[in-house]
file target_37.pdb (PDB, C-alpha atoms)
ATOM      1  CA  MET A 376       0.000   0.000   0.000
ATOM      2  CA  GLY A 377       2.858   2.372   0.808
ATOM      3  CA  ASP A 378       4.350   1.810  -2.650
ATOM      4  CA  MET A 379       0.957   2.592  -4.195
ATOM      5  CA  ILE A 380       0.671   5.887  -2.301
ATOM      6  CA  ALA A 381       4.223   6.823  -3.319
ATOM      7  CA  GLN A 382       3.341   6.169  -6.984
ATOM      8  CA  LEU A 383       0.241   8.325  -6.708
ATOM      9  CA  GLN A 384       2.163  11.143  -5.043
ATOM     10  CA  ARG A 385       4.742  11.073  -7.853
ATOM     11  CA  ALA A 386       1.794  11.364 -10.245
ATOM     12  CA  LYS A 387       0.742  14.582  -8.399
ATOM     13  CA  VAL A 388      -2.199  12.927  -6.649
ATOM     14  CA  VAL A 389      -2.583  14.534  -3.234
ATOM     15  CA  CYS A 390      -3.090  11.677  -0.753
ATOM     16  CA  SER A 391      -1.656  10.169   2.401
ATOM     17  CA  LEU A 392      -1.777   6.859   4.246
ATOM     18  CA  ASP A 393      -1.794   5.926   7.926
ATOM     19  CA  GLU A 394      -1.382   2.390   9.241
ATOM     20  CA  LYS A 395      -2.923   1.312  12.549
ATOM     21  CA  VAL A 396      -3.122  -1.949  14.482
ATOM     22  CA  MET A 397      -6.562  -2.769  15.909
ATOM     23  CA  GLY A 398      -6.527  -6.123  17.695
ATOM     24  CA  ASP A 399      -5.407  -8.721  15.164
ATOM     25  CA  ARG A 400      -6.100  -6.443  12.194
ATOM     26  CA  TYR A 401      -4.068  -3.914  10.241
ATOM     27  CA  VAL A 402      -6.096  -0.849   9.316
ATOM     28  CA  PHE A 403      -5.033   1.464   6.493
ATOM     29  CA  CYS A 404      -6.609   4.932   6.414
ATOM     30  CA  CYS A 405      -6.305   6.987   3.235
ATOM     31  CA  TRP A 406      -6.883  10.718   2.856
ATOM     32  CA  PHE A 407      -7.282  12.357  -0.530
ATOM     33  CA  ARG A 408      -9.061  15.162  -2.325
ATOM     34  CA  LYS A 409     -12.567  14.371  -3.424
ATOM     35  CA  HIS A 410     -11.828  14.782  -7.136
ATOM     36  CA  GLU A 411      -8.963  12.243  -6.805
ATOM     37  CA  LYS A 412     -11.250   9.526  -5.427
ATOM     38  CA  LYS A 413     -11.764   7.707  -8.735
ATOM     39  CA  ARG A 414      -8.029   7.462  -9.496
ATOM     40  CA  LEU A 415      -7.203   6.345  -5.962
ATOM     41  CA  ILE A 416      -9.901   3.683  -5.823
ATOM     42  CA  LEU A 417      -8.794   2.306  -9.203
ATOM     43  CA  LYS A 418      -5.204   2.083  -7.950
ATOM     44  CA  ILE A 419      -6.197   0.464  -4.651
ATOM     45  CA  SER A 420      -8.330  -2.154  -6.431
ATOM     46  CA  GLN A 421      -5.401  -2.947  -8.748
ATOM     47  CA  VAL A 422      -2.962  -3.330  -5.834
ATOM     48  CA  ILE A 423      -5.279  -5.573  -3.806
ATOM     49  CA  SER A 424      -6.121  -7.631  -6.891
ATOM     50  CA  ASN A 425      -2.437  -8.114  -7.742
ATOM     51  CA  PHE A 426      -1.686  -9.070  -4.137
ATOM     52  CA  PHE A 427      -4.487 -11.646  -4.168
ATOM     53  CA  PHE A 428      -3.394 -13.344  -7.391
ATOM     54  CA  THR A 429       0.299 -13.215  -6.425
ATOM     55  CA  HIS A 430       0.054 -14.456  -2.837
ATOM     56  CA  ILE A 431      -3.366 -15.379  -1.444
ATOM     57  CA  GLU A 432      -4.575 -17.494  -4.372
ATOM     58  CA  LYS A 433      -1.637 -19.876  -3.881
ATOM     59  CA  THR A 434      -2.796 -20.542  -0.308
ATOM     60  CA  TRP A 435      -6.336 -21.109  -1.571
ATOM     61  CA  LYS A 436      -5.071 -23.691  -4.053
ATOM     62  CA  ARG A 437      -3.242 -25.634  -1.338
ATOM     63  CA  GLN A 438      -6.295 -25.576   0.929
ATOM     64  CA  MET A 439      -8.596 -26.756  -1.863
ATOM     65  CA  ILE A 440      -6.230 -29.571  -2.872
ATOM     66  CA  ASP A 441      -6.024 -30.734   0.759
ATOM     67  CA  LYS A 442      -9.817 -30.708   0.979
ATOM     68  CA  GLN A 443     -10.487 -32.395  -2.367
ATOM     69  CA  TYR A 444      -7.587 -34.868  -2.361
ATOM     70  CA  GLN A 445      -5.832 -35.981   0.792
ATOM     71  CA  SER A 446      -2.440 -37.598   0.263
ATOM     72  CA  PRO A 447       0.534 -38.125   2.597
ATOM     73  CA  TYR A 448       2.967 -37.863  -0.331
ATOM     74  CA  PRO A 449       4.417 -34.407  -1.184
ATOM     75  CA  GLU A 450       5.121 -35.512  -4.750
ATOM     76  CA  ASP A 451       1.364 -35.948  -5.297
ATOM     77  CA  LEU A 452       0.781 -32.334  -4.277
ATOM     78  CA  GLU A 453       3.559 -31.089  -6.562
ATOM     79  CA  GLU A 454       2.223 -33.087  -9.514
ATOM     80  CA  ILE A 455      -1.333 -31.825  -8.999
ATOM     81  CA  GLU A 456      -0.154 -28.213  -8.633
ATOM     82  CA  GLY A 457       1.743 -28.544 -11.901
ATOM     83  CA  ARG A 458      -1.389 -29.802 -13.631
ATOM     84  CA  ILE A 459      -3.426 -26.920 -12.172
ATOM     85  CA  ASP A 460      -0.874 -24.416 -13.483
ATOM     86  CA  GLN A 461      -1.065 -26.020 -16.934
ATOM     87  CA  LEU A 462      -4.880 -25.921 -16.965
ATOM     88  CA  LEU A 463      -4.810 -22.242 -15.985
ATOM     89  CA  LYS A 464      -2.241 -21.588 -18.696
ATOM     90  CA  ASP A 465      -4.436 -23.337 -21.260
ATOM     91  CA  ALA A 466      -7.403 -21.200 -20.116
ATOM     92  CA  LYS A 467      -5.390 -17.986 -20.426
ATOM     93  CA  GLN A 468      -8.184 -15.827 -21.836
ATOM     94  CA  GLU A 469     -10.692 -17.039 -19.249
ATOM     95  CA  VAL A 470      -8.164 -16.311 -16.481
ATOM     96  CA  ILE A 471      -7.707 -12.753 -17.787
ATOM     97  CA  VAL A 472     -11.488 -12.219 -17.719
ATOM     98  CA  LYS A 473     -11.679 -13.610 -14.170
ATOM     99  CA  LYS A 474      -8.920 -11.271 -12.984
ATOM    100  CA  GLU A 475     -10.566  -8.261 -14.619
ATOM    101  CA  HIS A 476     -13.901  -9.167 -13.059
ATOM    102  CA  PHE A 477     -12.234  -9.533  -9.637
ATOM    103  CA  ARG A 478     -10.619  -6.098  -9.917
ATOM    104  CA  ASP A 479     -13.753  -4.392 -11.244
ATOM    105  CA  SER A 480     -15.949  -5.910  -8.516
ATOM    106  CA  LEU A 481     -13.503  -4.662  -5.903
ATOM    107  CA  ARG A 482     -13.478  -1.195  -7.489
ATOM    108  CA  ARG A 483     -17.289  -1.004  -7.446
ATOM    109  CA  PHE A 484     -17.315  -2.054  -3.802
ATOM    110  CA  LEU A 485     -14.833   0.688  -2.872
ATOM    111  CA  GLU A 486     -16.885   3.269  -4.746
ATOM    112  CA  GLU A 487     -19.894   2.436  -2.577
ATOM    113  CA  ASN A 488     -18.175   1.737   0.770
ATOM    114  CA  HIS A 489     -15.720   3.709   2.882
ATOM    115  CA  CYS A 490     -14.239   0.648   4.634
ATOM    116  CA  LEU A 491     -12.944  -2.668   3.306
ATOM    117  CA  ALA A 492     -12.148  -5.739   5.414
ATOM    118  CA  ILE A 493     -10.076  -7.723   2.914
ATOM    119  CA  ASP A 494     -10.502 -11.074   4.655
ATOM    120  CA  GLY A 495     -14.269 -10.598   4.873
ATOM    121  CA  TYR A 496     -14.463  -9.455   1.271
ATOM    122  CA  LEU A 497     -12.551 -12.519   0.058
ATOM    123  CA  ARG A 498     -14.675 -14.838   2.173
ATOM    124  CA  PHE A 499     -18.119 -13.564   1.209
ATOM    125  CA  ARG A 500     -17.763 -11.824  -2.168
ATOM    126  CA  THR A 501     -15.580 -14.218  -4.156
ATOM    127  CA  GLN A 502     -17.706 -17.362  -4.001
ATOM    128  CA  SER A 503     -18.131 -17.511  -7.774
ATOM    129  CA  TYR A 504     -14.351 -17.378  -8.257
ATOM    130  CA  ARG A 505     -13.812 -19.999  -5.552
ATOM    131  CA  LYS A 506     -16.270 -22.309  -7.297
ATOM    132  CA  TRP A 507     -14.516 -21.841 -10.646
ATOM    133  CA  LEU A 508     -11.060 -22.401  -9.136
ATOM    134  CA  SER A 509     -12.352 -25.473  -7.304
ATOM    135  CA  SER A 510     -13.568 -26.942 -10.613
ATOM    136  CA  ILE A 511     -10.116 -26.415 -12.166
ATOM    137  CA  ILE A 512      -8.484 -28.124  -9.194
ATOM    138  CA  GLN A 513     -10.921 -31.049  -9.333
ATOM    139  CA  GLU A 514     -10.198 -31.490 -13.046
ATOM    140  CA  ALA A 515      -6.457 -31.565 -12.301
ATOM    141  CA  ILE A 516      -6.987 -34.134  -9.525
ATOM    142  CA  ASP A 517      -9.176 -36.337 -11.750
ATOM    143  CA  ASP A 518      -6.597 -36.202 -14.558
ATOM    144  CA  TYR A 519      -3.826 -37.069 -12.107
ATOM    145  CA  LEU A 520      -5.717 -40.054 -10.682
ATOM    146  CA  LEU A 521      -6.605 -41.368 -14.150
ATOM    147  CA  ASP A 522      -3.000 -41.028 -15.256
ATOM    148  CA  ARG A 523      -1.746 -42.790 -12.130
ATOM    149  CA  GLU A 524      -4.245 -45.633 -12.590
ATOM    150  CA  TYR A 525      -3.178 -45.974 -16.228
ATOM    151  CA  LYS A 526       0.501 -46.167 -15.246
ATOM    152  CA  GLU A 527      -0.251 -48.767 -12.574
ATOM    153  CA  PHE A 528      -2.235 -50.789 -15.135
ATOM    154  CA  ILE A 529       0.646 -50.617 -17.626
ATOM    155  CA  GLU A 530       3.082 -51.817 -14.934
ATOM    156  CA  LEU A 531       0.767 -54.747 -14.196
ATOM    157  CA  LEU A 532       0.628 -55.700 -17.887
ATOM    158  CA  LYS A 533       4.416 -55.402 -18.175
ATOM    159  CA  TYR A 534       4.792 -57.762 -15.227
ATOM    160  CA  PHE A 535       2.305 -60.190 -16.775
ATOM    161  CA  VAL A 536       4.274 -60.202 -20.050
ATOM    162  CA  SER A 537       7.552 -60.759 -18.164
ATOM    163  CA  ILE A 538       6.285 -63.985 -16.539
ATOM    164  CA  GLN A 539       4.506 -65.311 -19.644
ATOM    165  CA  LYS A 540       6.150 -68.058 -21.681
ATOM    166  CA  SER A 541       6.815 -66.714 -25.179
ATOM    167  CA  SER A 542       4.780 -68.428 -27.891
ATOM    168  CA  PHE A 543       6.764 -66.805 -30.732
ATOM    169  CA  LEU A 544      10.288 -65.493 -31.088
ATOM    170  CA  CYS A 545       9.146 -62.545 -33.213
ATOM    171  CA  VAL A 546       5.749 -61.122 -34.137
ATOM    172  CA  HIS A 547       5.154 -58.457 -36.781
ATOM    173  CA  VAL A 548       2.222 -56.107 -36.129
ATOM    174  CA  ILE A 549       0.885 -54.402 -39.250
ATOM    175  CA  HIS A 550      -1.059 -51.286 -38.273
ATOM    176  CA  LYS A 551      -3.083 -49.975 -41.212
ATOM    177  CA  ASP A 552      -5.415 -47.470 -39.535
ATOM    178  CA  ARG A 553      -6.810 -46.756 -36.070
ATOM    179  CA  LYS A 554      -8.581 -50.127 -35.689
ATOM    180  CA  ARG A 555      -7.033 -52.466 -38.287
ATOM    181  CA  PHE A 556      -4.186 -54.700 -37.203
ATOM    182  CA  HIS A 557      -2.607 -57.834 -38.647
ATOM    183  CA  LEU A 558      -0.352 -60.211 -36.718
ATOM    184  CA  LEU A 559       2.332 -62.064 -38.657
ATOM    185  CA  LYS A 560       4.834 -64.691 -37.617
ATOM    186  CA  GLU A 561       8.502 -64.209 -38.327
ATOM    187  CA  ASP A 562       8.114 -66.029 -41.662
ATOM    188  CA  GLY A 563       5.330 -63.652 -42.709
ATOM    189  CA  THR A 564       2.366 -66.024 -42.264
ATOM    190  CA  PRO A 565      -0.651 -64.715 -40.330
ATOM    191  CA  ILE A 566      -1.203 -65.751 -36.724
ATOM    192  CA  LYS A 567      -4.611 -67.386 -36.382
ATOM    193  CA  VAL A 568      -6.913 -66.871 -33.413
ATOM    194  CA  ASN A 569      -6.756 -70.561 -32.486
ATOM    195  CA  GLU A 570      -2.974 -70.215 -32.086
ATOM    196  CA  LEU A 571      -3.450 -67.783 -29.212
ATOM    197  CA  ASP A 572      -3.507 -69.216 -25.703
ATOM    198  CA  LYS A 573      -6.462 -69.487 -23.323
ATOM    199  CA  THR A 574      -5.605 -66.162 -21.661
ATOM    200  CA  PHE A 575      -6.542 -64.353 -24.852
ATOM    201  CA  HIS A 576      -9.795 -66.284 -25.269
ATOM    202  CA  GLU A 577     -10.783 -65.505 -21.664
ATOM    203  CA  MET A 578     -10.147 -61.820 -22.356
ATOM    204  CA  MET A 579     -12.180 -61.975 -25.553
ATOM    205  CA  GLY A 580     -15.173 -63.159 -23.545
ATOM    206  CA  GLN A 581     -15.624 -59.496 -22.675
ATOM    207  CA  SER A 582     -16.467 -56.572 -24.984
ATOM    208  CA  PHE A 583     -13.262 -55.587 -26.761
ATOM    209  CA  SER A 584     -12.304 -52.934 -29.292
ATOM    210  CA  GLY A 585      -9.745 -53.365 -32.060
ATOM    211  CA  GLU A 586      -7.118 -51.751 -29.855
ATOM    212  CA  ASP A 587      -7.928 -54.133 -26.991
ATOM    213  CA  PHE A 588      -7.744 -57.073 -29.405
ATOM    214  CA  ILE A 589      -4.173 -56.359 -30.450
ATOM    215  CA  VAL A 590      -2.995 -55.607 -26.923
ATOM    216  CA  GLY A 591      -4.612 -58.799 -25.603
ATOM    217  CA  ALA A 592      -3.197 -60.927 -28.429
ATOM    218  CA  LEU A 593       0.349 -59.695 -27.883
ATOM    219  CA  ILE A 594       0.152 -60.053 -24.099
ATOM    220  CA  SER A 595      -1.120 -63.638 -24.402
ATOM    221  CA  THR A 596       1.693 -64.639 -26.789
ATOM    222  CA  ALA A 597       4.385 -62.523 -25.065
ATOM    223  CA  PRO A 598       6.761 -62.635 -28.078
ATOM    224  CA  GLU A 599      10.458 -62.133 -27.430
ATOM    225  CA  GLN A 600      10.478 -59.417 -30.065
ATOM    226  CA  VAL A 601       7.730 -57.252 -31.571
ATOM    227  CA  VAL A 602       8.210 -55.343 -34.816
ATOM    228  CA  LEU A 603       5.534 -52.694 -35.195
ATOM    229  CA  HIS A 604       4.847 -51.464 -38.727
ATOM    230  CA  THR A 605       2.917 -48.185 -38.522
ATOM    231  CA  ASN A 606       2.632 -44.740 -40.023
ATOM    232  CA  SER A 607       0.876 -43.407 -36.895
ATOM    233  CA  PRO A 608       3.334 -43.846 -33.991
ATOM    234  CA  ASP A 609       1.580 -41.151 -31.918
ATOM    235  CA  GLU A 610      -1.741 -42.972 -31.580
ATOM    236  CA  ASN A 611      -2.711 -44.026 -28.057
ATOM    237  CA  VAL A 612      -2.710 -47.757 -28.779
ATOM    238  CA  ILE A 613       0.805 -47.536 -30.225
ATOM    239  CA  ARG A 614       2.078 -45.651 -27.185
ATOM    240  CA  THR A 615       0.474 -48.299 -24.971
ATOM    241  CA  LEU A 616       2.235 -51.123 -26.822
ATOM    242  CA  LEU A 617       5.554 -49.286 -26.600
ATOM    243  CA  GLN A 618       5.186 -49.028 -22.824
ATOM    244  CA  ILE A 619       4.052 -52.623 -22.251
ATOM    245  CA  PHE A 620       6.742 -54.170 -24.467
ATOM    246  CA  ASP A 621       9.503 -51.737 -23.571
ATOM    247  CA  GLY A 622      12.808 -53.344 -24.555
ATOM    248  CA  ARG A 623      11.166 -55.895 -26.828
ATOM    249  CA  ILE A 624       9.535 -53.667 -29.431
ATOM    250  CA  THR A 625      10.839 -51.706 -32.409
ATOM    251  CA  ILE A 626       8.999 -49.473 -34.862
ATOM    252  CA  CYS A 627       9.293 -49.802 -38.637
ATOM    253  CA  THR A 628       7.807 -47.105 -40.858
ATOM    254  CA  GLY A 629       8.762 -48.114 -44.361
ATOM    255  CA  CYS A 630       9.648 -51.780 -45.144
ATOM    256  CA  PRO A 631       7.694 -53.944 -47.673
ATOM    257  CA  LYS A 632       5.530 -55.357 -44.866
ATOM    258  CA  CYS A 633       4.247 -51.872 -44.130
ATOM    259  CA  PHE A 634       2.527 -51.856 -47.541
ATOM    260  CA  SER A 635       1.661 -55.535 -47.846
ATOM    261  CA  PHE A 636      -1.968 -55.219 -46.694
TER     262      PHE A 636
END

call {"tool": "encode", "arguments": {"input": "target_37.pdb", "output": "structure tokens"}}
result
Amino acid sequence: MGDMIAQLQRAKVVCSLDEKVMGDRYVFCCWFRKHEKKRLILKISQVISNFFFTHIEKTWKRQMIDKQYQSPYPEDLEEIEGRIDQLLKDAKQEVIVKKEHFRDSLRRFLEENHCLAIDGYLRFRTQSYRKWLSSIIQEAIDDYLLDREYKEFIELLKYFVSIQKSSFLCVHVIHKDRKRFHLLKEDGTPIKVNELDKTFHEMMGQSFSGEDFIVGALISTAPEQVVLHTNSPDENVIRTLLQIFDGRITICTGCPKCFSF
């Protein structure tokens, strides 16, 4: 606040500031000429708004994370905070609008009231912002939990592959589009469904997509080497196969097999 008053005085705005302690509160009293009121209120609302988004909002985030997701592991908190920051970065324009609305609401309040209790104002007049921020935090927590569950599932599949007896030394996977796959033996002949073990057939008793089919077939055969022929290495199913068969899988993007189907 003192810096703000100094800036205004340098700008030839006649004003002064006194600071008092009343119980557990700090009270700032400003004096200014009546015709300077609009400029001073605008500056005060900007300072308080900047202070909120620079300091207080960080405490709010921590409190909301603790309330919405309780974890004894600090790394969980750091990961979730990083995801929150990324979501806010992705919603840059919405964040700008929220900040402008916060500042303008504060300015309107100061135009109509002579006193401002900042803690009371933040508690009772920012509920809409709290609700919005809470939704961002919940989205970050949900994304984090889904990602963690996915990683745990991948680790389980990797373990399952590691203890499976390999049915084939090498399997070629021809990936033609999002849902079309062909499995070939090392000699180039197709692998038939009846050559897959009972694990695969048990899995196929459920409702499976094309992506699930290829993952299940490869897990059940657990080949020592997988050669993946694809022109779409960034698709989710391809990334999943690369993680499950890490160390056993290579990608080919241009041999004759890639164009054989």

call {"tool": "atom_distance", "arguments": {"input": "target_37.pdb", "atom1": "CA of Lys418 (chain A)", "atom2": "CA of Arg482 (chain A)"}}
result
8.9 Å

call {"tool": "atom_distance", "arguments": {"input": "target_37.pdb", "atom1": "CA of Ile566 (chain A)", "atom2": "CA of Lys526 (chain A)"}}
result
29.1 Å

call {"tool": "closest_residue", "arguments": {"input": "target_37.pdb", "among": "A:Val602, A:Leu491, A:Ile423, A:Ile455", "to": "Asp518 (chain A)", "atoms": "only C-alpha atoms"}}
result
A:Ile455

call {"tool": "resolve_selection", "arguments": {"input": "target_37.pdb", "expression": "the PyMOL selection byres ((chain A and resi 496-502) around 10)", "output": "MDAnalysis selection string"}}
result
chainID A and resid 427 431 477 480:481 484 491:495 503:508

call {"tool": "residues_around", "arguments": {"input": "target_37.pdb", "residues": "Gln539 (chain A)", "least_positions_apart": "3", "cutoff": "8 Å", "atoms": "only C-alpha atoms", "output": "number ranges by chain"}}
result
A: 535-536, 595-597

call {"tool": "residues_around", "arguments": {"input": "target_37.pdb", "residues": "Tyr444 (chain A)", "least_positions_apart": "6", "cutoff": "12 Å", "atoms": "only C-alpha atoms", "output": "PyMOL selection string"}}
result
chain A and resi 436-438+451-452+455-456+509+512-517+519-520

call {"tool": "axis_aligned_box", "arguments": {"input": "target_37.pdb", "around": "region 438-443 of chain A", "padding_each_side": "8 Å", "output": "AutoDock Vina command-line options"}}
result
--center_x -8.3 --center_y -29.0 --center_z -0.9 --size_x 20.5 --size_y 22.8 --size_z 19.9

call {"tool": "atom_distance", "arguments": {"input": "target_37.pdb", "atom1": "CA of Gln600 (chain A)", "atom2": "CA of Arg623 (chain A)"}}
result
4.8 Å

call {"tool": "resolve_selection", "arguments": {"input": "target_37.pdb", "expression": "the PyMOL selection byres ((chain A and resi 532) around 12)", "output": "PDB file with C-alpha atoms, in the frame of the given file"}}
result
ATOM      1  CA  TYR A 525      -3.178 -45.974 -16.228  1.00  0.00           C
ATOM      2  CA  LYS A 526       0.501 -46.167 -15.246  1.00  0.00           C
ATOM      3  CA  GLU A 527      -0.251 -48.767 -12.574  1.00  0.00           C
ATOM      4  CA  PHE A 528      -2.235 -50.789 -15.135  1.00  0.00           C
ATOM      5  CA  ILE A 529       0.646 -50.617 -17.626  1.00  0.00           C
ATOM      6  CA  GLU A 530       3.082 -51.817 -14.934  1.00  0.00           C
ATOM      7  CA  LEU A 531       0.767 -54.747 -14.196  1.00  0.00           C
ATOM      8  CA  LYS A 533       4.416 -55.402 -18.175  1.00  0.00           C
ATOM      9  CA  TYR A 534       4.792 -57.762 -15.227  1.00  0.00           C
ATOM     10  CA  PHE A 535       2.305 -60.190 -16.775  1.00  0.00           C
ATOM     11  CA  VAL A 536       4.274 -60.202 -20.050  1.00  0.00           C
ATOM     12  CA  SER A 537       7.552 -60.759 -18.164  1.00  0.00           C
ATOM     13  CA  ILE A 538       6.285 -63.985 -16.539  1.00  0.00           C
ATOM     14  CA  GLN A 539       4.506 -65.311 -19.644  1.00  0.00           C
ATOM     15  CA  VAL A 590      -2.995 -55.607 -26.923  1.00  0.00           C
ATOM     16  CA  GLY A 591      -4.612 -58.799 -25.603  1.00  0.00           C
ATOM     17  CA  LEU A 593       0.349 -59.695 -27.883  1.00  0.00           C
ATOM     18  CA  ILE A 594       0.152 -60.053 -24.099  1.00  0.00           C
ATOM     19  CA  SER A 595      -1.120 -63.638 -24.402  1.00  0.00           C
ATOM     20  CA  ALA A 597       4.385 -62.523 -25.065  1.00  0.00           C
ATOM     21  CA  THR A 615       0.474 -48.299 -24.971  1.00  0.00           C
ATOM     22  CA  LEU A 616       2.235 -51.123 -26.822  1.00  0.00           C
ATOM     23  CA  LEU A 617       5.554 -49.286 -26.600  1.00  0.00           C
ATOM     24  CA  GLN A 618       5.186 -49.028 -22.824  1.00  0.00           C
ATOM     25  CA  ILE A 619       4.052 -52.623 -22.251  1.00  0.00           C
ATOM     26  CA  PHE A 620       6.742 -54.170 -24.467  1.00  0.00           C
ATOM     27  CA  ASP A 621       9.503 -51.737 -23.571  1.00  0.00           C
TER      28      ASP A 621
END

call {"tool": "closest_residue", "arguments": {"input": "target_37.pdb", "among": "A:Asn611, A:Asn569, A:Asn425, A:Asn606", "to": "Thr628 (chain A)", "atoms": "all atoms listed in the file"}}
result
A:Asn606
